[in-house]
2 protein chains.
Amino acid sequence: MKYERPADSANEATDVQEERLARLIRLAARAFNRSLQLRLTTEGVTFGQWIFLRILWQEDGLSQRELSERANLTEPTAHTALLRMVEQGLITRENVKGNKRRQHAFLTPRGWELRERLEPLAIEANDIAVEGLSADELKILRRALNVIITNLERDEAEAAARGMRMPPTRITTSVL
Amino acid sequence: MKYERPADSANEATDVQEERLARLIRLAARAFNRSLQLRLTTEGVTFGQWIFLRILWQEDGLSQRELSERANLTEPTAHTALLRMVEQGLITRENVKGNKRRQHAFLTPRGWELRERLEPLAIEANDIAVEGLSADELKILRRALNVIITNLERDEAEAAARGMRMPPTRITTSVL
DNA sequence: CGCACAAACTTAGAAAGCTAAGATAAAGCA
DNA sequence: TGCTTTATCTTAGCTTTCTAAGTTTGTGCG
């Protein structure tokens with residue numbers, strides 16, 4: 001054990017403290033998602049669409065793979081989101097430069113238009129969230145979150161290298 | 001606007017900063033979930049089961065409603081998780097004191113046994129996550145997360161009072 | 001007692017996410 | 001040139017979570 005504590009800080013208390021952190025982060029993430037979703041709904045946009053719209057506003061014409069990387073999501077997740085965005089007329093997907101494999105996503109005029117209506121909503125949600133926190137606290141919060149993310153991703157990579165895997169979500173070709 | 005910045009820090013930078021906070025929290029939440037799930041899988045337990053096991057270890061015999069409240073999850077979510085836990089022999093659900101409505105969940109011996117094997121896994125994940133953060137930073141992190149959660153939940157409650165709702169997840173009895 | 005209202009659990013169906021395993025096109029190499 | 005490998009997008013099917021809308025059982029009041 002790396003971080004030993006004096007005997008007088010009971011074990012139980014330690015457990016509770018530590019376990020709470022994951023819970024707090026989960027609750028904060030959910031509250032943030034809901035807050036944003038609540039606002040986006042007024043413009044008929046879902047959370048998943050928002051994620052990809054934001055990326056395309058910065059950099060139009062990315063491929064599905066590039067989009068999923070920038071969004072930190074898997075390709076199947078990006079895939080279904082992009083299909084729906086085509087249906088709703090927010091983007092088109094096109095093959096460019098004679099490459100029949102890569103499908104680049106381009107914002108439609110409607111997709112571009114949403115920008116000025118949606119971005120203020122996200123800023124509003126963020127402003128509400130951080131109300132009462134000082135600049136210093138926010139700085140530490142960001143740093144701490146980055147550290148946690150780095151630590152856990154490193155851990156997952158190491159676990160994967162040792163052969164540990166996330167449980168399959170599909171019945172693996174069973175007994176035979 | 002509360003936190004004005006000197007003119008030389010462009011608006012764009014501000015936006016990016018603010019938007020990033022939600023993203024960081026989302027990433028941290030996901031990394032935490034995966035880290036825990038990866039470990040729980042070695043004992044054949046899913047994340048959802050862990051959530052309710054933890055609560056029952058503290059307080060056995062709670063009803064579905066009480067469990068969903070303590071877990072910060074809705075009843076349908078608790079419902080499906082509990083059904084699976086019954087299937088797997090982790091809990092039983094029983095009517096007590098002749099009440100045919102309330103269903104109290106009781107840990108089976110198997111459910112109790114898991115405690116000593118699972119709790120260390122959660123502690124391990126937490127230890128890894130906070131590696132490199134000082135006690136002060138952790139304190140601020142916790143406070144900041146609590147502030148954010150409170151702010152956003154208040155905002156959602158106010159929005160609900162004004163009639164704003166989360167988008168329905170089911171097709172609302174359409175045209176007729 | 002009987003009926004209305006409330007509490008508790010269930011069912012229906014959707015979104016968003018994932019892993020695994022295709023399919024097809026491009027690139028690289030012998 | 002032809003074959004193998006790699007890239008990219010798709011499909012299949014599962015989990016977890018939600019909102020909305022039942023169903024059933026208790027409770028309280030006239």
# chains A, B, ... in the order shown; residues from 1 in each chain; ligands from 1

$ residues_around --residues "region 17-24 of chain D" --least-positions-apart "4" --cutoff "8 Å" --atoms "only C-alpha atoms (C1' of nucleotides)" --output "mmCIF file with all heavy atoms, in the first residue's frame"
data_model
loop_
_atom_site.group_PDB
_atom_site.id
_atom_site.type_symbol
_atom_site.label_atom_id
_atom_site.label_comp_id
_atom_site.auth_asym_id
_atom_site.auth_seq_id
_atom_site.Cartn_x
_atom_site.Cartn_y
_atom_site.Cartn_z
ATOM 1 N N THR B 74 -33.457 5.395 -10.996
ATOM 2 C CA THR B 74 -34.917 5.300 -11.036
ATOM 3 C C THR B 74 -35.349 3.881 -10.680
ATOM 4 O O THR B 74 -34.547 2.952 -10.689
ATOM 5 C CB THR B 74 -35.455 5.642 -12.430
ATOM 6 O OG1 THR B 74 -34.928 4.696 -13.352
ATOM 7 C CG2 THR B 74 -35.072 7.046 -12.838
ATOM 8 N N THR B 77 -34.794 1.101 -13.350
ATOM 9 C CA THR B 77 -33.388 0.692 -13.390
ATOM 10 C C THR B 77 -33.096 -0.289 -12.259
ATOM 11 O O THR B 77 -32.483 -1.341 -12.469
ATOM 12 C CB THR B 77 -32.472 1.920 -13.251
ATOM 13 O OG1 THR B 77 -32.781 2.830 -14.298
ATOM 14 C CG2 THR B 77 -31.015 1.521 -13.328
ATOM 15 N N ARG B 101 -47.249 -5.611 -1.260
ATOM 16 C CA ARG B 101 -46.818 -4.605 -2.227
ATOM 17 C C ARG B 101 -45.307 -4.405 -2.139
ATOM 18 O O ARG B 101 -44.600 -4.580 -3.112
ATOM 19 C CB ARG B 101 -47.552 -3.292 -1.929
ATOM 20 C CG ARG B 101 -47.478 -2.287 -3.024
ATOM 21 C CD ARG B 101 -48.425 -1.132 -2.757
ATOM 22 N NE ARG B 101 -48.273 -0.597 -1.419
ATOM 23 C CZ ARG B 101 -48.990 0.406 -0.926
ATOM 24 N NH1 ARG B 101 -49.933 0.978 -1.649
ATOM 25 N NH2 ARG B 101 -48.780 0.846 0.283
ATOM 26 N N MET B 166 -37.193 16.368 -19.506
ATOM 27 C CA MET B 166 -36.263 15.557 -20.286
ATOM 28 C C MET B 166 -37.045 14.950 -21.440
ATOM 29 O O MET B 166 -38.221 14.620 -21.278
ATOM 30 C CB MET B 166 -35.668 14.447 -19.427
ATOM 31 C CG MET B 166 -34.701 14.942 -18.382
ATOM 32 S SD MET B 166 -33.220 15.669 -19.106
ATOM 33 C CE MET B 166 -32.391 14.177 -19.673
ATOM 34 N N PRO B 167 -36.414 14.788 -22.581
ATOM 35 C CA PRO B 167 -37.136 14.209 -23.711
ATOM 36 C C PRO B 167 -37.631 12.820 -23.354
ATOM 37 O O PRO B 167 -36.920 12.044 -22.735
ATOM 38 C CB PRO B 167 -36.082 14.154 -24.810
ATOM 39 C CG PRO B 167 -34.775 14.246 -24.106
ATOM 40 C CD PRO B 167 -35.015 15.044 -22.882
ATOM 41 N N PRO B 168 -38.872 12.510 -23.742
ATOM 42 C CA PRO B 168 -39.416 11.180 -23.469
ATOM 43 C C PRO B 168 -38.605 10.138 -24.219
ATOM 44 O O PRO B 168 -38.097 10.400 -25.310
ATOM 45 C CB PRO B 168 -40.840 11.254 -24.014
ATOM 46 C CG PRO B 168 -40.834 12.383 -24.968
ATOM 47 C CD PRO B 168 -39.791 13.337 -24.492
ATOM 48 N N THR B 169 -38.471 8.983 -23.618
ATOM 49 C CA THR B 169 -37.675 7.926 -24.241
ATOM 50 C C THR B 169 -38.586 6.941 -24.947
ATOM 51 O O THR B 169 -38.149 5.956 -25.495
ATOM 52 C CB THR B 169 -36.866 7.181 -23.180
ATOM 53 O OG1 THR B 169 -37.762 6.705 -22.205
ATOM 54 C CG2 THR B 169 -35.845 8.075 -22.557
ATOM 55 N N ARG B 170 -39.851 7.236 -24.887
ATOM 56 C CA ARG B 170 -40.816 6.358 -25.521
ATOM 57 C C ARG B 170 -41.718 7.226 -26.387
ATOM 58 O O ARG B 170 -42.021 8.351 -26.030
ATOM 59 C CB ARG B 170 -41.641 5.683 -24.414
ATOM 60 C CG ARG B 170 -42.673 4.717 -24.916
ATOM 61 C CD ARG B 170 -43.499 4.270 -23.721
ATOM 62 N NE ARG B 170 -44.456 3.267 -24.114
ATOM 63 C CZ ARG B 170 -45.271 2.655 -23.258
ATOM 64 N NH1 ARG B 170 -45.206 2.942 -21.979
ATOM 65 N NH2 ARG B 170 -46.126 1.763 -23.664
ATOM 66 N N THR B 172 -44.518 9.048 -27.443
ATOM 67 C CA THR B 172 -45.696 9.445 -26.702
ATOM 68 C C THR B 172 -46.919 9.280 -27.581
ATOM 69 O O THR B 172 -46.935 9.730 -28.719
ATOM 70 C CB THR B 172 -45.583 10.905 -26.253
ATOM 71 O OG1 THR B 172 -44.287 11.089 -25.720
ATOM 72 C CG2 THR B 172 -46.609 11.223 -25.189
ATOM 73 P P DT C 10 -41.680 -5.907 -9.099
ATOM 74 O OP1 DT C 10 -41.533 -7.304 -8.659
ATOM 75 O OP2 DT C 10 -40.486 -5.084 -9.345
ATOM 76 O "O5'" DT C 10 -42.518 -5.937 -10.455
ATOM 77 C "C5'" DT C 10 -43.661 -5.180 -10.601
ATOM 78 C "C4'" DT C 10 -44.247 -5.349 -11.979
ATOM 79 O "O4'" DT C 10 -44.673 -4.024 -12.387
ATOM 80 C "C3'" DT C 10 -43.348 -5.847 -13.090
ATOM 81 O "O3'" DT C 10 -44.136 -6.645 -13.978
ATOM 82 C "C2'" DT C 10 -42.826 -4.561 -13.738
ATOM 83 C "C1'" DT C 10 -43.975 -3.583 -13.523
ATOM 84 N N1 DT C 10 -43.544 -2.184 -13.246
ATOM 85 C C2 DT C 10 -44.088 -1.180 -14.014
ATOM 86 O O2 DT C 10 -44.906 -1.387 -14.892
ATOM 87 N N3 DT C 10 -43.647 0.079 -13.702
ATOM 88 C C4 DT C 10 -42.738 0.421 -12.737
ATOM 89 O O4 DT C 10 -42.428 1.593 -12.568
ATOM 90 C C5 DT C 10 -42.205 -0.678 -11.961
ATOM 91 C C7 DT C 10 -41.209 -0.404 -10.892
ATOM 92 C C6 DT C 10 -42.628 -1.919 -12.252
ATOM 93 P P DT C 11 -43.517 -7.312 -15.303
ATOM 94 O OP1 DT C 11 -44.314 -8.522 -15.530
ATOM 95 O OP2 DT C 11 -42.052 -7.377 -15.183
ATOM 96 O "O5'" DT C 11 -43.872 -6.281 -16.467
ATOM 97 C "C5'" DT C 11 -45.225 -5.839 -16.608
ATOM 98 C "C4'" DT C 11 -45.326 -4.899 -17.806
ATOM 99 O "O4'" DT C 11 -44.894 -3.577 -17.437
ATOM 100 C "C3'" DT C 11 -44.504 -5.290 -19.017
ATOM 101 O "O3'" DT C 11 -45.354 -5.100 -20.141
ATOM 102 C "C2'" DT C 11 -43.329 -4.329 -18.996
ATOM 103 C "C1'" DT C 11 -43.995 -3.092 -18.406
ATOM 104 N N1 DT C 11 -43.124 -2.117 -17.681
ATOM 105 C C2 DT C 11 -43.299 -0.775 -17.919
ATOM 106 O O2 DT C 11 -44.109 -0.334 -18.716
ATOM 107 N N3 DT C 11 -42.487 0.047 -17.182
ATOM 108 C C4 DT C 11 -41.544 -0.332 -16.258
ATOM 109 O O4 DT C 11 -40.882 0.508 -15.657
ATOM 110 C C5 DT C 11 -41.413 -1.752 -16.057
ATOM 111 C C7 DT C 11 -40.410 -2.267 -15.087
ATOM 112 C C6 DT C 11 -42.199 -2.576 -16.773
#

$ select_by_dssp --residues "region 44-92 of chain A" --states "alpha helix (DSSP H)" --output "JSON, numbers by chain"
{"A": [47, 48, 49, 50, 51, 52, 53, 54, 55, 56, 57, 58, 64, 65, 66, 67, 68, 69, 70, 71, 75, 76, 77, 78, 79, 80, 81, 82, 83, 84, 85, 86, 87]}

$ interface_residues --of "chain B" --to "chain A" --cutoff "6 Å" --atoms "only C-alpha atoms" --output "number ranges by chain"
B: 25-26, 28-29, 31, 38, 129-130, 141, 148-149, 151-152, 166

$ write_last_selection --atoms "C-alpha atoms" --output "PDB file, in the first residue's frame"
ATOM      1  CA  ILE B  25     -16.052  14.994 -15.892  1.00  0.00           C
ATOM      2  CA  ARG B  26     -17.623  12.648 -18.417  1.00  0.00           C
ATOM      3  CA  ALA B  28     -13.414  10.661 -15.568  1.00  0.00           C
ATOM      4  CA  ALA B  29     -16.759   9.043 -14.852  1.00  0.00           C
ATOM      5  CA  ALA B  31     -12.787   5.748 -16.765  1.00  0.00           C
ATOM      6  CA  LEU B  38     -12.844  -4.557 -15.293  1.00  0.00           C
ATOM      7  CA  ALA B 129      -7.267   6.991  -9.557  1.00  0.00           C
ATOM      8  CA  VAL B 130      -6.033   9.463  -6.959  1.00  0.00           C
ATOM      9  CA  LEU B 141     -12.012  18.193  -5.827  1.00  0.00           C
ATOM     10  CA  ILE B 148     -21.430  21.419  -9.325  1.00  0.00           C
ATOM     11  CA  ILE B 149     -23.919  18.686  -8.508  1.00  0.00           C
ATOM     12  CA  ASN B 151     -25.937  23.790  -8.824  1.00  0.00           C
ATOM     13  CA  LEU B 152     -27.042  21.559 -11.664  1.00  0.00           C
ATOM     14  CA  MET B 166     -36.263  15.557 -20.286  1.00  0.00           C
TER      15      MET B 166
END

$ atom_distance --atom1 "C1' of DT5 (chain D)" --atom2 "C1' of DA27 (chain C)"
8.6 Å

$ closest_residue --among "C:DA20, C:DA15, C:DA6, C:DC1" --to "chain B" --atoms "only C-alpha atoms (C1' of nucleotides)"
C:DA15

$ closest_atom_pairs --of "chain C" --to "chain A" --cutoff "12 Å" --atoms "only C-alpha atoms (C1' of nucleotides)" --output "JSON lines"
{"residue": "C:DA15", "atom": "C1'", "partner": "A:Gly48", "partner_atom": "CA", "distance": 8.9}
{"residue": "C:DA16", "atom": "C1'", "partner": "A:Gly48", "partner_atom": "CA", "distance": 7.4}
{"residue": "C:DG17", "atom": "C1'", "partner": "A:Thr77", "partner_atom": "CA", "distance": 6.7}
{"residue": "C:DC18", "atom": "C1'", "partner": "A:Thr169", "partner_atom": "CA", "distance": 6.7}
{"residue": "C:DT19", "atom": "C1'", "partner": "A:Pro168", "partner_atom": "CA", "distance": 5.0}
{"residue": "C:DA20", "atom": "C1'", "partner": "A:Arg170", "partner_atom": "CA", "distance": 7.1}
{"residue": "C:DA21", "atom": "C1'", "partner": "A:Thr172", "partner_atom": "CA", "distance": 10.0}
{"residue": "C:DA23", "atom": "C1'", "partner": "A:Arg101", "partner_atom": "CA", "distance": 11.4}
{"residue": "C:DT24", "atom": "C1'", "partner": "A:Arg101", "partner_atom": "CA", "distance": 7.8}
{"residue": "C:DA25", "atom": "C1'", "partner": "A:Arg101", "partner_atom": "CA", "distance": 5.7}
{"residue": "C:DA26", "atom": "C1'", "partner": "A:Arg101", "partner_atom": "CA", "distance": 8.1}

$ write_last_selection --atoms "C-alpha atoms (C1' of nucleotides)" --output "mmCIF file, in the first residue's frame"
data_model
loop_
_atom_site.group_PDB
_atom_site.id
_atom_site.type_symbol
_atom_site.label_atom_id
_atom_site.label_comp_id
_atom_site.auth_asym_id
_atom_site.auth_seq_id
_atom_site.Cartn_x
_atom_site.Cartn_y
_atom_site.Cartn_z
ATOM 1 C "C1'" DA C 15 -31.078 6.522 -26.326
ATOM 2 C "C1'" DA C 16 -26.400 5.971 -25.931
ATOM 3 C "C1'" DG C 17 -22.865 3.271 -25.092
ATOM 4 C "C1'" DC C 18 -19.991 -0.943 -25.654
ATOM 5 C "C1'" DT C 19 -17.565 -5.573 -27.622
ATOM 6 C "C1'" DA C 20 -17.148 -8.721 -31.299
ATOM 7 C "C1'" DA C 21 -17.290 -9.916 -35.768
ATOM 8 C "C1'" DA C 23 -17.880 -6.787 -45.332
ATOM 9 C "C1'" DT C 24 -15.466 -4.138 -48.610
ATOM 10 C "C1'" DA C 25 -11.926 -1.183 -50.423
ATOM 11 C "C1'" DA C 26 -7.056 0.401 -50.461
#

$ atom_distance --atom1 "CA of Gly111 (chain A)" --atom2 "CA of Leu62 (chain A)"
14.4 Å

$ atom_distance --atom1 "CA of Lys97 (chain A)" --atom2 "CA of Met85 (chain A)"
22.8 Å

$ closest_residue --among "A:Ala157, A:Leu90, A:Leu82, A:Leu107" --to "chain D" --atoms "only C-alpha atoms (C1' of nucleotides)"
A:Leu82

$ interface_residues --of "chain D" --to "chain A" --cutoff "7 Å" --atoms "only C-alpha atoms (C1' of nucleotides)" --output "PyMOL selection string"
chain D and resi 8+13-14

$ select_by_dssp --residues "region 81-161 of chain A" --states "strand (DSSP E)" --output "PyMOL selection string"
chain A and resi 91-94+104-107

$ residues_around --residues "DG2 (chain C)" --least-positions-apart "6" --cutoff "12 Å" --atoms "only C-alpha atoms (C1' of nucleotides)" --output "list in words"
DG28, DC29 and DG30 of chain D
